[in-house]
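Colleague: What follows is query.txt; its format and atoms are compact mmCIF, C-alpha atoms.
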# COMPACT_ATOMS: atom_id res chain seq x y z
CA MET A 124 -43.74 54.75 130.91
CA ALA A 125 -41.62 57.48 129.33
CA LYS A 126 -43.11 59.66 126.62
CA LYS A 127 -41.37 59.26 123.25
CA LYS A 128 -39.61 62.37 121.99
CA GLU A 129 -40.01 63.27 118.32
CA ILE A 130 -36.83 63.64 116.31
CA GLU A 131 -36.73 65.52 113.01
CA CYS A 132 -34.51 64.04 110.33
CA THR A 133 -33.65 65.51 106.93
CA VAL A 134 -32.16 63.29 104.24
CA GLU A 135 -30.46 64.65 101.15
CA TYR A 136 -29.69 62.26 98.33
CA THR A 137 -26.52 62.92 96.36
CA GLU A 138 -26.11 62.04 92.70
CA GLY A 139 -26.08 58.27 92.24
CA ALA A 140 -27.38 57.51 95.75
CA THR A 141 -30.38 55.58 94.47
CA ASP A 142 -28.13 53.34 92.35
CA ARG A 143 -25.78 52.68 95.28
CA ILE A 144 -28.68 51.84 97.60
CA THR A 145 -30.19 49.50 95.00
CA ASP A 146 -26.83 47.78 94.46
CA ALA A 147 -26.47 47.26 98.21
CA PHE A 148 -29.90 45.61 98.47
CA VAL A 149 -29.17 43.38 95.47
CA ASP A 150 -25.84 42.32 97.01
CA LEU A 151 -27.54 41.60 100.34
CA TYR A 152 -30.26 39.55 98.61
CA TYR A 153 -27.71 37.29 96.91
CA GLN A 154 -25.60 36.99 100.07
CA ILE A 155 -28.69 35.81 101.97
CA GLN A 156 -29.35 33.27 99.20
CA GLN A 157 -25.75 32.04 99.49
CA GLY A 158 -26.07 31.66 103.28
CA ILE A 159 -23.54 34.39 104.10
CA TYR A 160 -26.24 36.27 106.04
CA SER A 161 -29.56 35.12 107.44
CA GLY A 162 -32.71 36.96 106.61
CA PRO A 163 -36.13 36.65 105.10
CA LEU A 164 -36.50 36.15 101.36
CA LEU A 165 -39.62 36.14 99.22
CA PRO A 166 -40.73 32.72 97.99
CA ASN A 167 -39.38 31.78 94.55
CA GLN A 168 -41.59 33.32 91.88
CA GLU A 169 -41.42 33.33 88.12
CA ASP A 170 -40.05 36.55 86.69
CA GLU A 171 -43.08 38.35 85.25
CA THR A 172 -41.22 41.35 83.85
CA ALA A 173 -41.28 42.00 80.14
Just give me the structure as structure tokens.

Modeller:
Amino acid sequence: MAKKKEIECTVEYTEGATDRITDAFVDLYYQIQQGIYSGPLLPNQEDETA
């Protein structure tokens, strides 16, 4: 069995990266709901946000 080699990775977020990543996950969520992609979804829950 081969020994796994560690790889160092540095990530730098640019301005607006968090918003773009969030938008991508939201789009993916709705596309899974529409059957465009397959993937796991959380069970339907009531929105408990204020």

Colleague: Applying 12 Å and only C-alpha atoms, which residues near Ser161 in chain A remain after dropping the ones on its own chain fewer than 5 positions away? List them as a VMD selection string.

Modeller: chain A and resid 151 to 156

Colleague: So how many Å separate CA of Ile159 in chain A and CA of Ala147 in chain A, to one decimal?

Modeller: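 Distance between the two atoms: 14.5 Å.
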
Colleague: Please measure the separation of CA of Glu135 in chain A and CA of Asp150 in chain A, giving the value in Å to one decimal.

Modeller: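 The value is 23.2 Å.
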
Colleague: Go ahead and compute the interatomic distance for CA of Thr133 in chain A and CA of Pro163 in chain A, in Å to one decimal.

Modeller: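 Distance reported for this atom pair: 29.0 Å.
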